Amino acid sequence: MEHKAQVYFTDFRTRIGVSQCAKLQKLIRAAGIGDIDFKGKFTAVKMHFGELGNCAYIRPNYVHAVVDVIRKLGGIPFLTDCNTLYPGSRSNAVDHLRCAEIMTIQVLKRLIPIVWHGRFRFYRRYGN
């Protein structure tokens with residue numbers, strides 16, 4: 001028997017006094033994030049840090065909302081992204097970090113590993 005996945009959806013409408021980030025946190029709780037044992041475990045949050053000249057990426061405030069829930073559940077979240085095979089601002093680790101600094105890190109200020117040739121390299125924005 002084939003198991004059908006439960007799909008959760010929300011729109012951008014909110015009530016006065018309820019932010020979209022709070023709505024996202026409610027959604028991921030309803031989807032069962034609280035059933036996952038995060039206590040003391042490193043938890044990768046894979047995201048797209050964005051590219052210079054591009055606006056099609058997850059906004060940092062939404063990622064921050066997910067990270068906050070993981071922390072409240074006892075996890076040790078960190079953000080990660082992968083380099084691209086095509087030329088651009090994410091094609092190598094150095095340019096990727098510069099891009100991440102401009103697009104994302106300034107808002108999130110988190111430990112960032114970049115996957116480069118199958119190995120993790122950890123970087124922390126100094127001063128934070």
# chains A, B, ... in the order shown; residues from 1 in each chain; ligands from 1

$ residues_around --residues "segment 46-52 of chain A" --least-positions-apart "6" --cutoff "9 Å" --atoms "only C-alpha atoms" --output "list in words"
Ile58, Arg59, Pro60, Val63, Phe78, Leu79, Thr80, Asp81, Cys82, Gly88, Ser89, Arg90, His96, Cys99, Ala100, Glu101, Ile102, Met103, Thr104 and Ile105 of chain A

$ write_last_selection --atoms "C-alpha atoms" --output "mmCIF file, in the first residue's frame"
data_model
loop_
_atom_site.group_PDB
_atom_site.id
_atom_site.type_symbol
_atom_site.label_atom_id
_atom_site.label_comp_id
_atom_site.auth_asym_id
_atom_site.auth_seq_id
_atom_site.Cartn_x
_atom_site.Cartn_y
_atom_site.Cartn_z
ATOM 1 C CA ILE A 58 14.463 32.292 0.979
ATOM 2 C CA ARG A 59 14.443 35.508 2.955
ATOM 3 C CA PRO A 60 16.628 35.385 6.071
ATOM 4 C CA VAL A 63 15.111 30.950 8.061
ATOM 5 C CA PHE A 78 23.587 25.816 11.538
ATOM 6 C CA LEU A 79 23.019 27.035 7.997
ATOM 7 C CA THR A 80 24.535 25.370 4.978
ATOM 8 C CA ASP A 81 24.510 25.822 1.231
ATOM 9 C CA CYS A 82 26.284 24.163 -1.701
ATOM 10 C CA GLY A 88 28.498 32.971 -10.779
ATOM 11 C CA SER A 89 28.784 34.247 -7.240
ATOM 12 C CA ARG A 90 28.308 30.764 -5.721
ATOM 13 C CA HIS A 96 30.122 32.084 -2.129
ATOM 14 C CA CYS A 99 27.812 36.535 -1.537
ATOM 15 C CA ALA A 100 26.437 35.010 1.675
ATOM 16 C CA GLU A 101 27.840 37.932 3.676
ATOM 17 C CA ILE A 102 25.996 40.416 1.497
ATOM 18 C CA MET A 103 22.765 38.475 1.067
ATOM 19 C CA THR A 104 22.218 36.572 4.317
ATOM 20 C CA ILE A 105 24.799 36.540 7.090
#

$ closest_residue --among "A:Asp68, A:Asp11, A:Asp37, A:Asp95" --to "Lys23 of chain A" --atoms "only C-alpha atoms"
A:Asp11

$ residues_around --residues "Val67 of chain A" --least-positions-apart "4" --cutoff "9 Å" --atoms "only C-alpha atoms" --output "list in words"
Val45, Tyr62, Val63, Arg71, Lys72, Gly75, Ile76, Pro77, Phe78 and Leu79 of chain A

$ write_last_selection --atoms "all heavy atoms" --output "short mmCIF file (atom, residue, chain, number, x, y, z; two decimals), in the first residue's frame"
data_model
loop_
_atom_site.label_atom_id
_atom_site.label_comp_id
_atom_site.auth_asym_id
_atom_site.auth_seq_id
_atom_site.Cartn_x
_atom_site.Cartn_y
_atom_site.Cartn_z
N VAL A 45 20.47 23.32 8.41
CA VAL A 45 19.34 23.96 7.75
C VAL A 45 19.86 24.35 6.37
O VAL A 45 20.59 25.32 6.21
CB VAL A 45 18.84 25.20 8.54
CG1 VAL A 45 17.71 25.88 7.79
CG2 VAL A 45 18.42 24.81 9.94
N TYR A 62 12.66 34.29 7.43
CA TYR A 62 11.96 33.01 7.49
C TYR A 62 12.89 31.91 8.02
O TYR A 62 12.49 31.07 8.81
CB TYR A 62 11.41 32.60 6.12
CG TYR A 62 10.34 33.54 5.61
CD1 TYR A 62 10.55 34.30 4.47
CD2 TYR A 62 9.13 33.68 6.29
CE1 TYR A 62 9.57 35.17 4.01
CE2 TYR A 62 8.16 34.54 5.83
CZ TYR A 62 8.38 35.29 4.69
OH TYR A 62 7.43 36.15 4.24
N VAL A 63 14.13 31.93 7.58
CA VAL A 63 15.11 30.95 8.06
C VAL A 63 15.33 31.16 9.56
O VAL A 63 15.41 30.20 10.33
CB VAL A 63 16.44 31.08 7.29
CG1 VAL A 63 17.47 30.11 7.83
CG2 VAL A 63 16.21 30.84 5.80
N ARG A 71 16.15 25.68 17.90
CA ARG A 71 16.86 25.98 19.16
C ARG A 71 15.96 25.73 20.37
O ARG A 71 16.40 25.19 21.38
CB ARG A 71 17.33 27.43 19.17
CG ARG A 71 18.57 27.62 18.37
CD ARG A 71 19.12 28.99 18.56
NE ARG A 71 20.43 29.05 17.94
CZ ARG A 71 21.09 30.13 17.73
NH1 ARG A 71 20.58 31.30 18.09
NH2 ARG A 71 22.27 30.10 17.15
N LYS A 72 14.70 26.14 20.28
CA LYS A 72 13.77 25.93 21.40
C LYS A 72 13.54 24.45 21.67
O LYS A 72 13.23 24.06 22.78
CB LYS A 72 12.45 26.64 21.14
CG LYS A 72 12.55 28.14 21.28
CD LYS A 72 11.26 28.84 20.94
CE LYS A 72 11.46 30.35 21.03
NZ LYS A 72 10.34 31.09 20.47
N GLY A 75 17.95 21.82 19.72
CA GLY A 75 18.92 21.56 18.65
C GLY A 75 20.00 22.62 18.57
O GLY A 75 19.88 23.69 19.16
N ILE A 76 21.04 22.29 17.85
CA ILE A 76 22.14 23.22 17.59
C ILE A 76 22.15 23.47 16.08
O ILE A 76 22.85 22.80 15.32
CB ILE A 76 23.48 22.62 18.06
CG1 ILE A 76 23.39 22.18 19.52
CG2 ILE A 76 24.61 23.62 17.84
CD1 ILE A 76 24.52 21.28 19.96
N PRO A 77 21.32 24.41 15.62
CA PRO A 77 21.19 24.61 14.18
C PRO A 77 22.36 25.37 13.57
O PRO A 77 22.99 26.19 14.23
CB PRO A 77 19.91 25.43 14.07
CG PRO A 77 19.82 26.16 15.35
CD PRO A 77 20.45 25.28 16.39
N PHE A 78 22.65 25.04 12.34
CA PHE A 78 23.59 25.82 11.54
C PHE A 78 23.08 25.85 10.11
O PHE A 78 22.31 24.98 9.69
CB PHE A 78 25.01 25.24 11.61
CG PHE A 78 25.17 23.86 11.05
CD1 PHE A 78 25.53 23.66 9.73
CD2 PHE A 78 24.97 22.75 11.86
CE1 PHE A 78 25.69 22.38 9.21
CE2 PHE A 78 25.13 21.46 11.36
CZ PHE A 78 25.49 21.28 10.04
N LEU A 79 23.46 26.87 9.38
CA LEU A 79 23.02 27.03 8.00
C LEU A 79 24.06 26.46 7.06
O LEU A 79 25.26 26.55 7.33
CB LEU A 79 22.82 28.52 7.68
CG LEU A 79 21.93 29.29 8.63
CD1 LEU A 79 21.85 30.74 8.21
CD2 LEU A 79 20.56 28.68 8.71
#

$ atom_distance --atom1 "atom CA of Phe38 of chain A" --atom2 "atom CA of Val7 of chain A"
22.2 Å

$ closest_residue --among "A:Asn92, A:Asn83, A:Thr10, A:Thr43" --to "Val66 of chain A" --atoms "only C-alpha atoms"
A:Thr43
